[in-house]
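Beneath this line is the structure, given in structure tokens, with notes to follow.
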Amino acid sequence: MIEIRNLHKSFGEQEVLRGIDLRINDGDTVAIIGQSGCGKSVLLKHIIGLMQPDSGEVIVDGVNMSTAKPRVIEKIRQELGFLFQGSALFDSMTVLENVTLGLREHGLRDEKELARITKEKLALVGLHGIEERMPSNLSGGMKKRVALARALATNPKYMFYDEPTTGLDPITSDQIDGLIEGLTAKLRATSVIVTHDMFTVERIAKRMVFLHEGKVHFDGPPAELNASRNPIISLFLERYRSPLTLAR
Amino acid sequence: MSRSFTLRTVGRLGGLIRRFVAEFGQAAMLLWRAASYTRRIPRDRRLLLDQMAHIGADSLPLVFVIGFFTGMVSAWQAAYQFKGLIPYSLLGAAVSRAIFLELGPVLTAIVIAGRVGASIAAEIGTMRVTEQIDALESLAISPARYLALPRIVAAVIMMPLLVIFANAIALGGAYIVSNLFLDISSKMFFESVQRFFQVKDIVIGLVKALFFGGATAFIGVHVGMNASGGAEGVGNATIRSFVLSSAMILVLDVMLWKIFF
Ligand SMILES: Nc1ncnc2c1ncn2[C@@H]1O[C@H](COP(=O)(O)OP(=O)(O)OP(=O)(O)O)[C@@H](O)[C@H]1O
Ligand SMILES: [Mg+2]
């Protein structure tokens, strides 16, 4: 379980998070939406302890991610998978080394097994035969998918996706949506998805969190969000609804 | 006017001190974390060996050139200072002791600060601004163990070895100049080196090298870890690492002198 209490974060003068309260139960599939620059990525980074809050706290499975000892936090992180918005692949390593680094560093040294896992995870994200390629000669969408394979390699209990389908074609996006859906159903993984993709939201989110001005402006099921008469929410959804309805 | 100026100055100074203390604390924390993983070095030997190759073997050509020219110049310099005061039969001793104690370790360290320290800062700085350090942490891999420790340990091990190499080359350079340009026979040169030779000189030089190496790599890592702001930030980190570690090498040199003598 993830609990966020009264989380505040500023960068210099700029107040990004102004008191976030959020609780994510095991097995939840939460989509976080909000304007570009409203602090979605910053919020995710606080959850896994990559950023330190100015005040407030983040508790994951009973561990305070800003005050616990590094080794305790590392233990928790072994249960987490994080897909970075910008992929963040290790550019000095091959695809295979990227995908397997986490496993290797936590003790799995059997090369055959590592190769098998890499193949399996790459197949999940629709990639084949690129194990020996370097990140610098992959396309943006391929990088994103390799990064996803890397995040999935350790079969984490919590998955955080920062814009998993941004920059992908519709078919691959569908495949990624299906993958996230499947992981949630099969492994009972808890998923937190930051996205601007309303197809993703429609298909997999059981719960929507809408961030606005550094606070949780809405938290509830998608249908409720859709029906909301709140002007800020309406305005926000307007942009997404139009292509959706046009497509129908 | 002047009051507000004073206040502003005091305020700015306060900010500066606060930043310095904060950064110092951060650096100490990094060192502490890296040190807490020393027991893992045998298991992580691949990382260490890679860095040793990069820091040590790849620096040999540069150290060769630096050593050779340093040796040549120091022979000429000594001859110039000795002229009419001290017999040339003592030149070998003076030059070799200067090389072993000071020139070898300090010049090698400063060149390595330029080559290795800056490249560490650039590499880790790039990893920082492209979120690769965050990615490491998200995989539950400690950057202190995975990035900092192998680089620091490799530099601590390799710097003395590089200095031994630099000393030998510099001595050769000094000998060549003495023999070809200063009419000092091989026998006179090496007898003088031998007669005043002290193991202590070499050892002190190497102990210094060990500190210089550790400081250079540590500063490179620390500065890289704190890089921000894209390619420009990485560039600044590189420069900063070189400036800080060269200064640190000279400060350490003075401090270690006080300790040893
Ligand atoms: N390390 C940082 N230093 C300074 N400011 C930062 C930092 N990280 C984020 N910010 C600022 O915090 C704000 C929120 O950033 P964040 O990346 O969380 O936005 P976002 O909601 O993820 O947007 P997008 O949908 O475009 O990804 C931005 O204004 C950004 O400039
Ligand atoms: Mg973002």
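If you're wondering about the labels, chains in the structure tokens are A, B, ... by order shown, residues count from 1 in each chain, ligands from 1 in order shown.
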
Could you give me, as a Markdown table, every chain B residue with an atom at most 10 Å from ligand 1, plus its closest atom pair and distance in Å to one decimal, counting only C-alpha atoms and all ligand atoms, rows ordered by chain then number?
| residue | atom | partner | partner_atom_place_in_ligand_line | distance |
| --- | --- | --- | --- | --- |
| B:Val129 | CA | ligand 1 | 1 (N) | 9.2 |
| B:Ser228 | CA | ligand 1 | 1 (N) | 8.0 |
| B:Gly229 | CA | ligand 1 | 3 (N) | 8.7 |

Ligand 2 neighbours within 9 Å using only C-alpha atoms and all ligand atoms, as a PyMOL selection string
chain A and resi 36-42+44+84-86+162-163+194-195

Just the selected residues (N, CA and C atoms), exported as a PDB file, in the first residue's frame, please.
ATOM      1  N   SER A  36       0.179  19.426 -18.536  1.00  0.00           N
ATOM      2  CA  SER A  36       1.623  19.308 -18.650  1.00  0.00           C
ATOM      3  C   SER A  36       2.286  20.293 -17.680  1.00  0.00           C
ATOM      4  N   GLY A  37       3.233  19.810 -16.915  1.00  0.00           N
ATOM      5  CA  GLY A  37       3.930  20.676 -15.981  1.00  0.00           C
ATOM      6  C   GLY A  37       3.257  20.792 -14.628  1.00  0.00           C
ATOM      7  N   CYS A  38       2.182  20.034 -14.400  1.00  0.00           N
ATOM      8  CA  CYS A  38       1.467  20.181 -13.126  1.00  0.00           C
ATOM      9  C   CYS A  38       2.097  19.351 -12.018  1.00  0.00           C
ATOM     10  N   GLY A  39       3.090  18.527 -12.360  1.00  0.00           N
ATOM     11  CA  GLY A  39       3.797  17.810 -11.298  1.00  0.00           C
ATOM     12  C   GLY A  39       3.533  16.318 -11.244  1.00  0.00           C
ATOM     13  N   LYS A  40       3.059  15.740 -12.319  1.00  0.00           N
ATOM     14  CA  LYS A  40       2.784  14.295 -12.312  1.00  0.00           C
ATOM     15  C   LYS A  40       4.070  13.481 -12.170  1.00  0.00           C
ATOM     16  N   SER A  41       5.053  13.843 -12.984  1.00  0.00           N
ATOM     17  CA  SER A  41       6.321  13.103 -12.900  1.00  0.00           C
ATOM     18  C   SER A  41       6.984  13.331 -11.540  1.00  0.00           C
ATOM     19  N   VAL A  42       6.898  14.563 -11.061  1.00  0.00           N
ATOM     20  CA  VAL A  42       7.479  14.876  -9.753  1.00  0.00           C
ATOM     21  C   VAL A  42       6.814  14.030  -8.668  1.00  0.00           C
ATOM     22  N   LEU A  44       5.402  11.030  -9.029  1.00  0.00           N
ATOM     23  CA  LEU A  44       5.886   9.647  -9.136  1.00  0.00           C
ATOM     24  C   LEU A  44       7.280   9.507  -8.539  1.00  0.00           C
ATOM     25  N   PHE A  84      10.427   5.481 -16.986  1.00  0.00           N
ATOM     26  CA  PHE A  84      10.678   6.923 -17.037  1.00  0.00           C
ATOM     27  C   PHE A  84      10.071   7.539 -18.290  1.00  0.00           C
ATOM     28  N   GLN A  85       9.592   8.755 -18.118  1.00  0.00           N
ATOM     29  CA  GLN A  85       9.000   9.479 -19.250  1.00  0.00           C
ATOM     30  C   GLN A  85       9.990   9.549 -20.415  1.00  0.00           C
ATOM     31  N   GLY A  86      11.259   9.817 -20.085  1.00  0.00           N
ATOM     32  CA  GLY A  86      12.287   9.916 -21.134  1.00  0.00           C
ATOM     33  C   GLY A  86      13.071   8.634 -21.322  1.00  0.00           C
ATOM     34  N   ASP A 162       5.296   6.313 -16.495  1.00  0.00           N
ATOM     35  CA  ASP A 162       5.193   7.745 -16.792  1.00  0.00           C
ATOM     36  C   ASP A 162       5.009   7.895 -18.299  1.00  0.00           C
ATOM     37  N   GLU A 163       3.789   8.077 -18.708  1.00  0.00           N
ATOM     38  CA  GLU A 163       3.417   8.217 -20.117  1.00  0.00           C
ATOM     39  C   GLU A 163       3.907   7.046 -20.967  1.00  0.00           C
ATOM     40  N   VAL A 194       0.737   7.497 -15.370  1.00  0.00           N
ATOM     41  CA  VAL A 194       0.582   8.900 -15.746  1.00  0.00           C
ATOM     42  C   VAL A 194       0.403   8.924 -17.245  1.00  0.00           C
ATOM     43  N   THR A 195      -0.645   9.543 -17.704  1.00  0.00           N
ATOM     44  CA  THR A 195      -0.885   9.488 -19.140  1.00  0.00           C
ATOM     45  C   THR A 195      -1.713  10.666 -19.636  1.00  0.00           C
TER      46      THR A 195
END

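Among the candidate residues B:Met255, B:Leu250, B:Ala135, B:Val177, the one lying nearest to chain A is B:Ala135, with distances computed using only C-alpha atoms.
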
Show me, as a tab-separated table (two decimals) with all heavy atoms, in the first residue's frame, the residues that have an atom within 9 Å of segment 230-232 of chain A when counting only C-alpha atoms, minus same-chain residues fewer than 4 positions from it.
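Final file, result-v9.tsv:
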chain	number	residue	atom	x	y	z
A	212	HIS	N	-4.44	19.22	-10.11
A	212	HIS	CA	-4.60	20.59	-10.57
A	212	HIS	C	-4.06	21.54	-9.51
A	212	HIS	O	-4.38	21.41	-8.34
A	212	HIS	CB	-6.08	20.87	-10.84
A	212	HIS	CG	-6.31	22.25	-11.43
A	212	HIS	ND1	-5.88	22.59	-12.69
A	212	HIS	CD2	-6.91	23.34	-10.90
A	212	HIS	CE1	-6.21	23.85	-12.92
A	212	HIS	NE2	-6.83	24.34	-11.86
A	236	PHE	N	-10.66	20.39	-19.23
A	236	PHE	CA	-9.54	19.49	-19.46
A	236	PHE	C	-9.95	18.32	-20.35
A	236	PHE	O	-9.26	17.95	-21.29
A	236	PHE	CB	-9.02	18.97	-18.12
A	236	PHE	CG	-7.75	18.20	-18.22
A	236	PHE	CD1	-6.53	18.85	-18.33
A	236	PHE	CD2	-7.76	16.81	-18.24
A	236	PHE	CE1	-5.35	18.14	-18.44
A	236	PHE	CE2	-6.59	16.09	-18.35
A	236	PHE	CZ	-5.38	16.76	-18.45
A	237	LEU	N	-11.10	17.75	-20.04
A	237	LEU	CA	-11.54	16.57	-20.79
A	237	LEU	C	-11.99	16.91	-22.20
A	237	LEU	O	-11.91	16.07	-23.10
A	237	LEU	CB	-12.67	15.85	-20.03
A	237	LEU	CG	-12.25	15.19	-18.72
A	237	LEU	CD1	-13.42	14.45	-18.11
A	237	LEU	CD2	-11.08	14.23	-18.94

Within 8 Å of chain A, which residues of chain B are there when counting only C-alpha atoms? Please give them as a ChimeraX atom specification.
/B:127,130-132,134-135,137-142

From segment 5-127 of chain A, collect each residue whose DSSP state is alpha helix (DSSP H) and return the set as a PyMOL selection string.
chain A and resi 40-47+70-77+95-105+111-124

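If you measure from each of B:Pro105, B:Pro150, B:Gly84, B:Pro61 to Leu210 of chain B using only C-alpha atoms, the closest one turns out to be B:Pro105.
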
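Comparing A:Thr200, A:Ser66, A:Ser228, A:Ser191 by their smallest distance to Asp28 of chain A, the closest is A:Ser191 (using only C-alpha atoms).
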
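The interatomic distance for the pair atom CA of Asn155 of chain A and atom CA of Tyr146 of chain B works out to 22.1 Å.
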
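You can rank B:Val223, B:Ile259, B:Leu149, B:Ala231 by their closest distance to Arg40 of chain B using only C-alpha atoms, and at the top of that list sits B:Leu149.
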